[in-house]
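Written out below as structure tokens is the structure these notes cover.
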Amino acid sequence: MSLHIRAEQPGDKVGAMTEIKQIIVGVDGSDSSRAALRWAYDEAAHHGASLNAVTVWHGPPLPMSPPYGQLPPEGYESQPARDAADVLERLIADLEDRKPPVDVRASINHGNPAKVLIELSGGADLMVVGSRGHGGFAGMLLGSVSQHLVAHAACPVVVVRTP
């Protein structure tokens, strides 16, 4: 696991963190995000905090063929949201029960993952993400979403790195 910290910005919670009550974890189904979910779940149990597991989806580009394109397949617009919900539900169900139980909530959002998570960071005491998601290049240590969060989130960010 790697922890990346940035300089405190006006309005940030970075310097004023005294207790952790709300943790947000970004999940996309990658191995890295699964590790982030497990780490955030353990941290939530340790602090007695609630955990909001967030996934963000966006629709694929409309299939086009010259000269005017074609009609998209049935369910084209709603399939990415259903897929995201299925992945998130499955990953949360795989978490081991804790005593006392951890309050785990699932949140499915539409948009750019970095932008959505940065917006949500204002209501969190801690943001947790994996080091790399499904995109990017194999040699990168950090993915673009985790880089954006480290630079712009309004709360501390933990980037969980997988071997």
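Starting from 1 in every chain, residues are counted up; chains themselves are A, B, ... following the order of the structure tokens, and ligands are numbered from 1 as listed.
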All residues 7 Å or closer to range 105-118 of chain A, only C-alpha atoms, same chain fewer than 6 positions away omitted, as a ChimeraX atom specification: /A:51-58,85,145,148-149,152-153
Test item: residues at most 12 Å from Lys99 in chain A, only C-alpha atoms, excluding those fewer than 2 positions along its chain, as a PyMOL selection string: chain A and resi 42+44-46+48+96-97+101-103
Long-range neighbours of Lys21 in chain A as a PDB file with C-alpha atoms, in the first residue's frame, 7 Å cut-off, only C-alpha atoms, 6 positions minimum in chain:
```pdb
ATOM      1  CA  GLY A  48     -16.581   2.697  13.594  1.00  0.00           C
ATOM      2  CA  ALA A  49     -17.101   4.714  10.407  1.00  0.00           C
ATOM      3  CA  SER A  50     -19.595   4.288   7.604  1.00  0.00           C
ATOM      4  CA  ASP A 125     -13.266  12.200   6.114  1.00  0.00           C
TER       5      ASP A 125
END
```
To test your reading of the structure, identify every residue in range 97-160 of chain A that backbone DSSP assigns to helix (DSSP H, G or I), and report it as a PyMOL selection string. chain A and resi 113-121+144-152
Calculate how many Å separate CA of Glu43 in chain A from CA of Ala81 in chain A, rounding to one decimal. 27.8 Å
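Minimum atom-to-atom distance to Ser33 in chain A, evaluated using only C-alpha atoms, belongs to A:Leu91 out of A:Cys155, A:Pro100, A:Glu119, A:Leu91.
Across the model, the gap from CA of Glu77 in chain A to CA of Ala35 in chain A is 29.6 Å.
Taking CA of Val158 in chain A and CA of Val87 in chain A as endpoints, the distance between them is 21.8 Å.
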